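As provided, structure38.txt (compact mmCIF, C-alpha atoms (C1' of nucleotides)) reads as follows.
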```txt
# COMPACT_ATOMS: atom_id res chain seq x y z
CA MET A 536 -140.45 32.12 -59.82
CA THR A 537 -140.60 30.14 -63.01
CA ALA A 538 -136.83 30.15 -62.77
CA ALA A 539 -137.08 28.76 -59.27
CA LEU A 540 -139.12 25.86 -60.57
CA ALA A 541 -136.60 25.16 -63.29
CA ALA A 542 -133.79 25.25 -60.76
CA ILE A 543 -135.60 22.95 -58.36
CA ALA A 544 -136.36 20.54 -61.15
CA GLU A 545 -132.73 20.45 -62.12
CA VAL A 546 -130.86 20.18 -58.84
CA GLY A 547 -133.52 19.24 -56.33
CA VAL A 548 -135.42 21.13 -53.69
CA GLY A 549 -132.64 20.78 -51.15
CA GLN A 550 -129.86 22.10 -53.35
CA VAL A 551 -131.46 25.16 -54.80
CA THR A 552 -129.95 28.48 -53.80
CA HIS A 553 -130.84 32.14 -53.99
CA ARG A 554 -128.05 32.83 -56.40
CA MET A 555 -128.93 29.97 -58.68
CA ILE A 556 -132.48 31.21 -59.04
CA ALA A 557 -131.43 34.82 -59.46
CA THR A 558 -128.96 33.97 -62.21
CA ARG A 559 -131.45 31.83 -64.05
CA ALA A 560 -134.13 34.51 -63.85
CA ASN A 561 -131.71 37.28 -64.83
CA VAL A 562 -132.58 39.34 -61.77
CA PRO A 563 -130.22 40.65 -59.11
CA LEU A 564 -129.69 38.58 -56.00
CA GLY A 565 -131.40 41.16 -53.81
CA SER A 566 -134.70 40.76 -55.62
CA THR A 567 -135.11 37.17 -54.53
CA THR A 568 -134.97 38.17 -50.90
CA TYR A 569 -137.00 41.32 -51.46
CA TYR A 570 -140.06 39.54 -52.76
CA PHE A 571 -139.68 36.43 -50.61
CA PRO A 572 -138.40 37.03 -47.09
CA THR A 573 -136.74 33.67 -46.92
CA LEU A 574 -135.66 30.94 -49.29
CA ASP A 575 -138.27 28.58 -47.96
CA ASP A 576 -141.01 31.02 -48.83
CA LEU A 577 -139.77 31.13 -52.37
CA VAL A 578 -139.54 27.39 -52.69
CA VAL A 579 -142.94 26.78 -51.18
CA ALA A 580 -144.54 29.43 -53.37
CA ALA A 581 -142.94 27.97 -56.46
CA LEU A 582 -144.03 24.45 -55.60
CA ARG A 583 -147.54 25.65 -54.87
CA ARG A 584 -147.80 27.29 -58.25
CA ALA A 585 -146.42 24.27 -60.02
CA THR A 586 -148.96 22.08 -58.29
CA GLU A 587 -151.83 24.37 -59.13
CA GLU A 588 -150.82 24.21 -62.75
CA ALA A 589 -150.58 20.46 -62.55
CA ARG A 590 -153.97 20.36 -60.93
CA ALA A 591 -155.41 22.35 -63.80
CA HIS A 592 -153.70 19.95 -66.16
CA LEU A 593 -155.51 17.19 -64.35
CA GLU A 594 -158.87 18.62 -65.38
CA ALA A 595 -157.92 17.84 -68.95
CA TRP A 596 -157.29 14.27 -67.90
CA ALA A 597 -160.74 14.04 -66.39
CA GLU A 598 -162.33 15.23 -69.56
CA GLU A 599 -160.38 12.94 -71.82
CA LEU A 600 -161.06 9.95 -69.60
CA SER A 601 -164.77 10.67 -69.41
CA VAL A 602 -165.15 10.35 -73.16
CA SER A 603 -162.68 7.51 -73.60
CA ARG A 604 -163.91 4.15 -74.84
CA ASP A 605 -160.59 2.43 -74.15
CA LEU A 606 -159.46 3.47 -70.70
CA PRO A 607 -156.17 1.53 -70.58
CA ALA A 608 -155.01 3.07 -73.83
CA THR A 609 -156.08 6.52 -72.75
CA PHE A 610 -154.21 6.18 -69.46
CA VAL A 611 -151.08 5.16 -71.30
CA GLU A 612 -151.44 8.15 -73.56
CA LEU A 613 -151.96 10.58 -70.71
CA VAL A 614 -149.13 9.30 -68.56
CA THR A 615 -146.78 9.26 -71.53
CA GLY A 616 -147.68 12.87 -72.16
CA CYS A 617 -146.94 13.66 -68.54
CA LEU A 618 -143.50 12.10 -68.90
CA ALA A 619 -142.76 14.09 -72.03
CA ASP A 620 -141.65 16.95 -69.82
CA ARG A 621 -139.35 15.02 -67.51
CA GLU A 622 -138.38 18.03 -65.44
CA GLN A 623 -141.97 18.92 -64.74
CA ALA A 624 -142.69 15.35 -63.70
CA LEU A 625 -139.62 15.24 -61.48
CA LEU A 626 -140.85 18.36 -59.78
CA GLU A 627 -143.99 16.61 -58.70
CA TYR A 628 -142.07 13.88 -56.92
CA GLU A 629 -139.61 16.33 -55.52
CA LEU A 630 -142.59 17.94 -53.87
CA TYR A 631 -143.88 14.56 -52.73
CA LEU A 632 -140.70 13.71 -50.94
CA ALA A 633 -140.37 17.17 -49.44
CA ALA A 634 -143.93 16.88 -48.16
CA ALA A 635 -143.10 13.57 -46.55
CA ARG A 636 -140.67 15.42 -44.31
CA ALA A 637 -142.19 18.89 -44.04
CA PRO A 638 -145.82 18.85 -42.86
CA GLU A 639 -146.42 22.40 -44.08
CA LEU A 640 -146.00 21.13 -47.62
CA ARG A 641 -148.59 18.42 -47.25
CA PRO A 642 -151.62 20.53 -48.21
CA VAL A 643 -150.03 21.48 -51.51
CA ALA A 644 -148.99 17.89 -52.19
CA ALA A 645 -152.51 16.82 -51.32
CA LEU A 646 -153.76 19.11 -54.07
CA TRP A 647 -152.28 16.84 -56.68
CA LEU A 648 -152.90 13.60 -54.85
CA ASP A 649 -156.56 14.29 -54.16
CA GLY A 650 -157.10 15.43 -57.71
CA LEU A 651 -155.60 12.27 -59.11
CA ARG A 652 -157.49 10.10 -56.69
CA GLY A 653 -160.76 11.83 -57.48
CA ILE A 654 -160.40 11.31 -61.18
CA CYS A 655 -159.37 7.71 -60.76
CA ALA A 656 -162.24 6.99 -58.42
CA ARG A 657 -164.62 8.30 -61.04
CA VAL A 658 -163.44 5.93 -63.74
CA ALA A 659 -162.75 2.92 -61.57
CA GLY A 660 -165.36 0.82 -59.90
CA GLY A 661 -165.35 2.48 -56.48
CA PRO A 662 -163.15 4.52 -54.19
CA GLU A 663 -160.99 1.55 -53.24
CA ARG A 664 -160.14 0.61 -56.79
CA GLY A 665 -159.88 4.29 -57.63
CA PHE A 666 -157.25 4.88 -54.97
CA ALA A 667 -155.42 1.81 -56.16
CA LEU A 668 -155.48 3.19 -59.67
CA ALA A 669 -154.04 6.47 -58.45
CA ALA A 670 -151.24 4.63 -56.68
CA LEU A 671 -150.61 2.64 -59.83
CA VAL A 672 -150.24 5.80 -61.89
CA ASP A 673 -147.98 7.42 -59.30
CA GLY A 674 -145.85 4.31 -59.07
CA MET A 675 -145.54 3.96 -62.83
CA LEU A 676 -144.53 7.58 -63.21
CA LEU A 677 -141.99 7.31 -60.43
CA GLN A 678 -140.48 4.12 -61.76
CA ALA A 679 -140.14 5.58 -65.22
CA LEU A 680 -138.30 8.54 -63.75
CA VAL A 681 -136.04 6.35 -61.65
CA THR A 682 -134.97 4.03 -64.43
CA GLY A 683 -134.61 6.91 -66.83
CA GLY A 684 -136.33 4.77 -69.40
CA PRO A 685 -139.70 5.11 -71.04
CA LEU A 686 -143.02 4.29 -69.44
CA ASP A 687 -143.83 0.61 -69.04
CA ALA A 688 -146.84 0.93 -71.30
CA ASP A 689 -147.74 -2.76 -71.25
CA GLY A 690 -147.69 -2.87 -67.49
CA LEU A 691 -149.81 0.24 -67.16
CA ARG A 692 -152.27 -1.03 -69.73
CA ALA A 693 -152.62 -4.36 -67.94
CA GLY A 694 -152.89 -2.64 -64.58
CA VAL A 695 -155.62 -0.27 -65.63
CA ALA A 696 -157.50 -3.09 -67.29
CA GLY A 697 -157.43 -5.04 -64.06
CA LEU A 698 -158.52 -2.17 -61.86
CA VAL A 699 -161.19 -0.50 -63.93
CA SER A 700 -164.65 -1.94 -63.60
CA PRO A 701 -165.11 -4.50 -66.36
CA ARG A 702 -167.99 -2.77 -68.12
CA THR A 703 -165.91 0.33 -68.90
CA ALA A 704 -162.67 -1.46 -69.71
CA ALA A 705 -162.31 -2.25 -73.39
CA GLY A 706 -158.75 -3.34 -74.07
CA SER A 707 -158.49 -6.02 -71.41
CA THR A 708 -155.79 -8.65 -71.83
CA MET B 236 -122.03 4.52 -42.22
CA THR B 237 -125.09 3.48 -40.29
CA ALA B 238 -125.02 7.00 -38.95
CA ALA B 239 -124.93 8.31 -42.49
CA LEU B 240 -128.09 6.38 -43.26
CA ALA B 241 -129.83 7.76 -40.21
CA ALA B 242 -128.78 11.26 -41.15
CA ILE B 243 -129.95 10.89 -44.72
CA ALA B 244 -133.26 9.49 -43.58
CA GLU B 245 -133.77 12.42 -41.28
CA VAL B 246 -132.76 15.41 -43.36
CA GLY B 247 -132.63 14.10 -46.89
CA VAL B 248 -129.84 13.06 -49.19
CA GLY B 249 -129.20 16.62 -50.31
CA GLN B 250 -128.88 18.12 -46.87
CA VAL B 251 -126.59 15.66 -45.22
CA THR B 252 -123.14 16.94 -44.27
CA HIS B 253 -119.83 15.48 -43.18
CA ARG B 254 -120.16 17.04 -39.77
CA MET B 255 -123.67 15.78 -39.23
CA ILE B 256 -122.64 12.23 -39.94
CA ALA B 257 -119.49 12.48 -37.86
CA THR B 258 -121.36 13.83 -34.86
CA ARG B 259 -124.01 11.17 -35.10
CA ALA B 260 -121.44 8.40 -35.40
CA ASN B 261 -119.30 9.82 -32.60
CA VAL B 262 -116.23 9.88 -34.79
CA PRO B 263 -113.99 12.82 -35.60
CA LEU B 264 -114.69 14.78 -38.74
CA GLY B 265 -111.47 13.67 -40.35
CA SER B 266 -112.52 10.04 -40.30
CA THR B 267 -115.39 10.64 -42.66
CA THR B 268 -113.06 12.00 -45.30
CA TYR B 269 -110.39 9.44 -44.55
CA TYR B 270 -112.51 6.43 -45.36
CA PHE B 271 -114.52 8.10 -48.10
CA PRO B 272 -112.59 10.52 -50.31
CA THR B 273 -115.65 12.59 -50.98
CA LEU B 274 -119.08 13.09 -49.53
CA ASP B 275 -120.74 11.58 -52.55
CA ASP B 276 -118.80 8.37 -52.06
CA LEU B 277 -120.08 8.14 -48.53
CA VAL B 278 -123.66 8.79 -49.52
CA VAL B 279 -123.59 6.34 -52.39
CA ALA B 280 -121.99 3.67 -50.24
CA ALA B 281 -124.57 4.20 -47.53
CA LEU B 282 -127.45 4.03 -49.96
CA ARG B 283 -126.02 0.93 -51.55
CA ARG B 284 -125.85 -0.84 -48.23
CA ALA B 285 -129.35 0.22 -47.29
CA THR B 286 -130.65 -1.11 -50.57
CA GLU B 287 -128.85 -4.40 -50.19
CA GLU B 288 -130.45 -4.80 -46.81
CA ALA B 289 -133.82 -3.93 -48.25
CA ARG B 290 -133.23 -6.41 -51.01
CA ALA B 291 -132.57 -9.11 -48.45
CA HIS B 292 -135.72 -8.06 -46.68
CA LEU B 293 -137.52 -8.60 -49.95
CA GLU B 294 -136.59 -12.28 -49.90
CA ALA B 295 -138.76 -12.62 -46.84
CA TRP B 296 -141.60 -11.10 -48.80
CA ALA B 297 -141.17 -13.66 -51.53
CA GLU B 298 -141.34 -16.48 -49.07
CA GLU B 299 -144.38 -15.19 -47.25
CA LEU B 300 -146.20 -14.53 -50.50
CA SER B 301 -145.43 -17.95 -51.88
CA VAL B 302 -147.23 -19.65 -49.01
CA SER B 303 -150.04 -17.13 -48.71
CA ARG B 304 -153.60 -18.19 -49.43
CA ASP B 305 -154.93 -14.63 -49.33
CA LEU B 306 -152.59 -12.49 -51.37
CA PRO B 307 -154.35 -9.14 -50.87
CA ALA B 308 -154.26 -9.52 -47.10
CA THR B 309 -150.65 -10.62 -47.16
CA PHE B 310 -149.67 -7.63 -49.27
CA VAL B 311 -151.38 -5.29 -46.85
CA GLU B 312 -149.55 -6.94 -44.00
CA LEU B 313 -146.16 -6.71 -45.69
CA VAL B 314 -146.50 -3.12 -46.80
CA THR B 315 -147.77 -2.08 -43.40
CA GLY B 316 -144.72 -3.70 -41.88
CA CYS B 317 -142.55 -1.80 -44.31
CA LEU B 318 -144.14 1.46 -43.21
CA ALA B 319 -143.58 0.67 -39.56
CA ASP B 320 -140.09 2.08 -39.87
CA ARG B 321 -140.96 5.31 -41.61
CA GLU B 322 -137.37 6.52 -41.83
CA GLN B 323 -136.24 3.35 -43.53
CA ALA B 324 -139.06 3.63 -46.03
CA LEU B 325 -138.31 7.28 -46.68
CA LEU B 326 -134.75 6.31 -47.43
CA GLU B 327 -135.88 4.12 -50.27
CA TYR B 328 -137.70 6.95 -51.99
CA GLU B 329 -134.91 9.36 -51.22
CA LEU B 330 -132.75 7.00 -53.23
CA TYR B 331 -135.36 6.77 -55.95
CA LEU B 332 -135.44 10.49 -56.49
CA ALA B 333 -131.69 10.80 -56.32
CA ALA B 334 -131.40 8.05 -58.93
CA ALA B 335 -133.80 9.92 -61.17
CA ARG B 336 -131.23 12.70 -61.35
CA ALA B 337 -127.92 10.89 -60.93
CA PRO B 338 -127.44 8.03 -63.39
CA GLU B 339 -124.67 6.47 -61.31
CA LEU B 340 -127.27 5.74 -58.65
CA ARG B 341 -129.58 3.91 -61.01
CA PRO B 342 -127.99 0.46 -60.63
CA VAL B 343 -128.48 0.55 -56.88
CA ALA B 344 -132.06 1.78 -57.24
CA ALA B 345 -132.65 -0.94 -59.78
CA LEU B 346 -131.62 -3.46 -57.14
CA TRP B 347 -134.78 -2.75 -55.20
CA LEU B 348 -136.99 -2.13 -58.18
CA ASP B 349 -136.04 -5.33 -59.97
CA GLY B 350 -136.43 -7.32 -56.80
CA LEU B 351 -139.90 -5.99 -56.19
CA ARG B 352 -140.89 -6.49 -59.80
CA GLY B 353 -139.60 -10.02 -59.81
CA ILE B 354 -141.57 -11.00 -56.77
CA CYS B 355 -144.71 -9.35 -58.05
CA ALA B 356 -144.38 -11.00 -61.42
CA ARG B 357 -144.21 -14.35 -59.71
CA VAL B 358 -147.51 -13.92 -57.86
CA ALA B 359 -149.39 -12.02 -60.53
CA GLY B 360 -150.56 -13.46 -63.78
CA GLY B 361 -147.66 -12.42 -65.97
CA PRO B 362 -144.91 -9.87 -66.25
CA GLU B 363 -147.28 -7.07 -67.29
CA ARG B 364 -149.56 -7.48 -64.33
CA GLY B 365 -146.55 -8.11 -62.15
CA PHE B 366 -144.96 -4.82 -63.09
CA ALA B 367 -148.27 -3.10 -62.51
CA LEU B 368 -148.43 -4.70 -59.09
CA ALA B 369 -144.95 -3.42 -58.29
CA ALA B 370 -145.95 0.09 -59.33
CA LEU B 371 -149.05 -0.20 -57.19
CA VAL B 372 -146.99 -1.12 -54.14
CA ASP B 373 -144.50 1.66 -54.78
CA GLY B 374 -147.28 4.17 -55.28
CA MET B 375 -149.11 3.11 -52.15
CA LEU B 376 -145.97 3.34 -50.06
CA LEU B 377 -145.11 6.73 -51.46
CA GLN B 378 -148.58 8.11 -50.94
CA ALA B 379 -148.65 6.91 -47.36
CA LEU B 380 -145.36 8.67 -46.74
CA VAL B 381 -146.53 11.87 -48.41
CA THR B 382 -149.79 12.17 -46.52
CA GLY B 383 -148.13 11.16 -43.29
CA GLY B 384 -151.13 8.97 -42.65
CA PRO B 385 -151.44 5.20 -42.49
CA LEU B 386 -151.51 2.89 -45.48
CA ASP B 387 -154.71 2.87 -47.52
CA ALA B 388 -155.29 -0.78 -46.74
CA ASP B 389 -158.64 -1.02 -48.53
CA GLY B 390 -157.21 0.46 -51.68
CA LEU B 391 -154.23 -1.85 -51.64
CA ARG B 392 -156.37 -4.87 -50.99
CA ALA B 393 -158.70 -4.00 -53.85
CA GLY B 394 -155.77 -3.24 -56.12
CA VAL B 395 -153.98 -6.51 -55.45
CA ALA B 396 -157.23 -8.40 -55.89
CA GLY B 397 -157.69 -6.83 -59.29
CA LEU B 398 -154.18 -7.46 -60.49
CA VAL B 399 -153.46 -10.93 -59.21
CA SER B 400 -154.61 -13.74 -61.42
CA PRO B 401 -158.09 -14.79 -60.21
CA ARG B 402 -157.20 -18.33 -59.27
CA THR B 403 -154.68 -17.23 -56.67
CA ALA B 404 -156.66 -14.27 -55.33
CA ALA B 405 -158.84 -15.19 -52.42
CA GLY B 406 -160.21 -12.04 -50.83
CA SER B 407 -161.58 -10.40 -53.95
CA THR B 408 -164.16 -7.63 -53.57
C1' DC C 564 -137.49 72.80 -58.87
C1' DC C 565 -137.60 70.41 -54.57
C1' DT C 566 -139.21 67.02 -51.34
C1' DT C 567 -140.92 62.52 -50.16
C1' DC C 568 -141.89 58.06 -50.79
C1' DT C 569 -141.84 53.55 -52.78
C1' DC C 570 -139.51 50.20 -55.19
C1' DC C 571 -135.46 48.03 -56.15
C1' DT C 572 -130.43 46.24 -56.04
C1' DG C 573 -125.34 45.95 -55.10
C1' DT C 574 -122.61 44.83 -51.39
C1' DA C 575 -121.22 43.18 -46.93
C1' DC C 576 -121.19 39.75 -43.26
C1' DA C 577 -121.38 35.94 -40.29
C1' DG C 578 -121.94 31.21 -40.51
C1' DT C 579 -121.39 26.70 -42.74
C1' DT C 580 -119.63 23.75 -46.14
C1' DG C 581 -116.31 20.12 -48.37
C1' DT C 582 -111.83 18.92 -48.42
C1' DA C 583 -106.56 18.97 -47.72
C1' DC C 584 -102.97 18.16 -44.86
C1' DA C 585 -99.68 18.27 -40.99
C1' DT C 586 -99.60 16.15 -36.84
C1' DG C 587 -100.11 12.49 -33.73
C1' DT C 588 -100.32 7.34 -32.33
C1' DA C 589 -99.92 2.42 -32.25
C1' DC C 590 -97.58 -1.36 -33.75
C1' DA C 591 -94.41 -4.65 -36.48
C1' DG C 592 -89.67 -5.76 -37.69
C1' DA C 593 -84.84 -5.47 -36.61
C1' DT D 962 -84.57 -0.04 -28.02
C1' DC D 963 -85.08 2.31 -32.43
C1' DT D 964 -87.30 3.00 -36.84
C1' DG D 965 -90.57 2.73 -40.52
C1' DT D 966 -95.22 2.30 -41.75
C1' DA D 967 -100.06 2.40 -41.77
C1' DC D 968 -103.80 4.37 -39.54
C1' DA D 969 -106.33 8.05 -37.50
C1' DT D 970 -107.64 12.90 -36.34
C1' DG D 971 -107.61 17.94 -35.20
C1' DT D 972 -107.27 22.04 -37.58
C1' DA D 973 -107.08 25.32 -41.37
C1' DC D 974 -108.89 27.31 -45.57
C1' DA D 975 -111.16 28.81 -49.56
C1' DA D 976 -115.62 28.71 -51.43
C1' DC D 977 -120.24 29.33 -50.89
C1' DT D 978 -124.47 30.03 -48.26
C1' DG D 979 -128.80 32.93 -46.52
C1' DT D 980 -129.93 37.23 -45.18
C1' DA D 981 -129.60 42.35 -43.77
C1' DC D 982 -129.31 46.75 -45.16
C1' DA D 983 -127.55 51.24 -46.96
C1' DG D 984 -128.31 53.62 -50.60
C1' DG D 985 -129.85 54.59 -55.83
C1' DA D 986 -133.68 55.46 -59.31
C1' DG D 987 -137.64 57.32 -60.50
C1' DA D 988 -142.20 58.90 -60.01
C1' DA D 989 -145.91 61.67 -57.39
C1' DG D 990 -147.26 65.79 -55.11
C1' DG D 991 -146.52 70.41 -54.07
```

Translate this file's structure into structure tokens.
Amino acid sequence: MTAALAAIAEVGVGQVTHRMIATRANVPLGSTTYYFPTLDDLVVAALRRATEEARAHLEAWAEELSVSRDLPATFVELVTGCLADREQALLEYELYLAAARAPELRPVAALWLDGLRGICARVAGGPERGFALAALVDGMLLQALVTGGPLDADGLRAGVAGLVSPRTAAGST
Amino acid sequence: MTAALAAIAEVGVGQVTHRMIATRANVPLGSTTYYFPTLDDLVVAALRRATEEARAHLEAWAEELSVSRDLPATFVELVTGCLADREQALLEYELYLAAARAPELRPVAALWLDGLRGICARVAGGPERGFALAALVDGMLLQALVTGGPLDADGLRAGVAGLVSPRTAAGST
DNA sequence: CCTTCTCCTGTACAGTTGTACATGTACAGA
DNA sequence: TCTGTACATGTACAACTGTACAGGAGAAGG
């Protein structure tokens, strides 16, 4: 199943095959269909697990942000760390796009989205600014992946500074 | 080629097939390989055209924003309009994700990204806030697509208000 | 030792895929 | 009218796909 995630991250959720996963996991082809009746089951299960892990990862974010005295800098640090494992990050957006088309994937995508929004709402002024902050983070991550370049740290810093309630924002431009 | 775009929007860039496109376009299968040596060529050409259209669409945004007296409201209006054609919007993010994996698609993805960033930089305080604004818009669009729900208008409004330079922002919370 | 049962896996199959190519078809020049 | 040429398309094929399933391996119970 870990192999399935690696395969999805590499070739995309729509291109992954039974054989690809089996080879990568060093298990016979039959096993993949024995434990998961159909390929979709396998993919959905893999994505669910990845998201649960990411969600757990998000708890760490919450903690770090709650003790931070310079929110923009901390955000930059956290998002950069998230981008360190490009494949893992890609996986998240692979899931996003799949969820946009397959409603049965929406609950698992919502796991990440709601988590991110919750955390952001806590550090931003209110729910509106919090949701905006979450969208900012998602957009920054996505754009970094698309360009293949590094995170636009300056942009993220400025964005967070503008969205976080003034009293908690330290490094405002 | 228009048919190719429709097909990609419906099933995703990784699931589209020669036959699907041919059927949809009411042309024989051979035609698709006659005009485009390989399937990738067809997909890339289709995505390029879609992006060029979107880029042209973006010019309209620039104009509307330049005369707007309430930037947050105008942004909400524009993004909502963009979401009106869900399939078209999905296409953009389909391209995004494909570009994240295939470097040869990055220039065409950059066409949209740079356009959006340019416009945002013009209405926001500076390039940093402008880039943040672009990420915010991208994130909001993506999240609306993922959840299948409508745009989070309040969040977007609050976000734009926080990122746009105060003198040009009217409807601040 | 034999039976039975569960867990596993190699193999087979029907369906679909991208692509090549031989075959048609219309039209311009002579 | 004939011929050459560029364009278009139906068909064929090898490669690959998801999935079913017959049978092997090995332990548990007698």

Who sits within 10 Å of segment 385-397 of chain B, all atoms listed in the file, same chain under 5 positions skipped, as an MDAnalysis selection string = (chainID A and resid 661:671 694:700) or (chainID B and resid 305:312 314:315 318:319 359 364 367:369 371:372 374:380 403:408)

For chain A, report every residue with an atom at most 9 Å from chain D (counting only C-alpha atoms (C1' of nucleotides)), formatted as number ranges by chain.
-> A: 552-553, 568, 572-574

Which of B:Asp349, B:Glu298, B:Glu288, B:Asp275 sits closest to Gln323 of chain B [using all atoms listed in the file] | B:Glu288

For chain A, report every residue with an atom at most 8 Å from chain C (counting all atoms listed in the file), formatted as a PyMOL selection string.
-> chain A and resi 563-566

Taking 4 positions as the minimum chain separation for residues in the same chain, which residues sit within 10 Å of Ala645 of chain A when counting only C-alpha atoms (C1' of nucleotides)? Answer as a PDB file with C-alpha atoms, in the frame of the given file.
```pdb
ATOM      1  CA  THR A 586    -148.960  22.080 -58.290  1.00  0.00           C
ATOM      2  CA  TYR A 631    -143.880  14.560 -52.730  1.00  0.00           C
ATOM      3  CA  ALA A 634    -143.930  16.880 -48.160  1.00  0.00           C
ATOM      4  CA  LEU A 640    -146.000  21.130 -47.620  1.00  0.00           C
ATOM      5  CA  ARG A 641    -148.590  18.420 -47.250  1.00  0.00           C
ATOM      6  CA  ASP A 649    -156.560  14.290 -54.160  1.00  0.00           C
ATOM      7  CA  GLY A 650    -157.100  15.430 -57.710  1.00  0.00           C
ATOM      8  CA  LEU A 651    -155.600  12.270 -59.110  1.00  0.00           C
ATOM      9  CA  ARG A 652    -157.490  10.100 -56.690  1.00  0.00           C
TER      10      ARG A 652
ATOM     11  CA  GLN B 378    -148.580   8.110 -50.940  1.00  0.00           C
ATOM     12  CA  VAL B 381    -146.530  11.870 -48.410  1.00  0.00           C
ATOM     13  CA  THR B 382    -149.790  12.170 -46.520  1.00  0.00           C
TER      14      THR B 382
END
```

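Note that atom CA of Ala538 of chain A and atom CA of Ala624 of chain A are 15.9 Å apart.
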
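Reported to one decimal place, the separation of atom CA of Ala291 of chain B from atom CA of Val262 of chain B is 28.5 Å.
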
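Counting from atom CA of Tyr269 of chain B, the distance to atom CA of Leu326 of chain B is 24.7 Å.
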
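Counting all atoms listed in the file and comparing A:Ala581, A:Leu540, A:Val548, A:Cys617, the residue that lies closest to chain B is A:Val548.
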
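Between chain A and the candidates B:Ala242, B:Ile256, B:Leu277, B:Val251, the tightest atom-to-atom separation, counting only C-alpha atoms, involves B:Val251.
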
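Closest approach to chain B from the set A:Ala557, A:Leu613, A:Ile543, A:Ala589 is made by A:Ile543, with distances taken over all atoms listed in the file.
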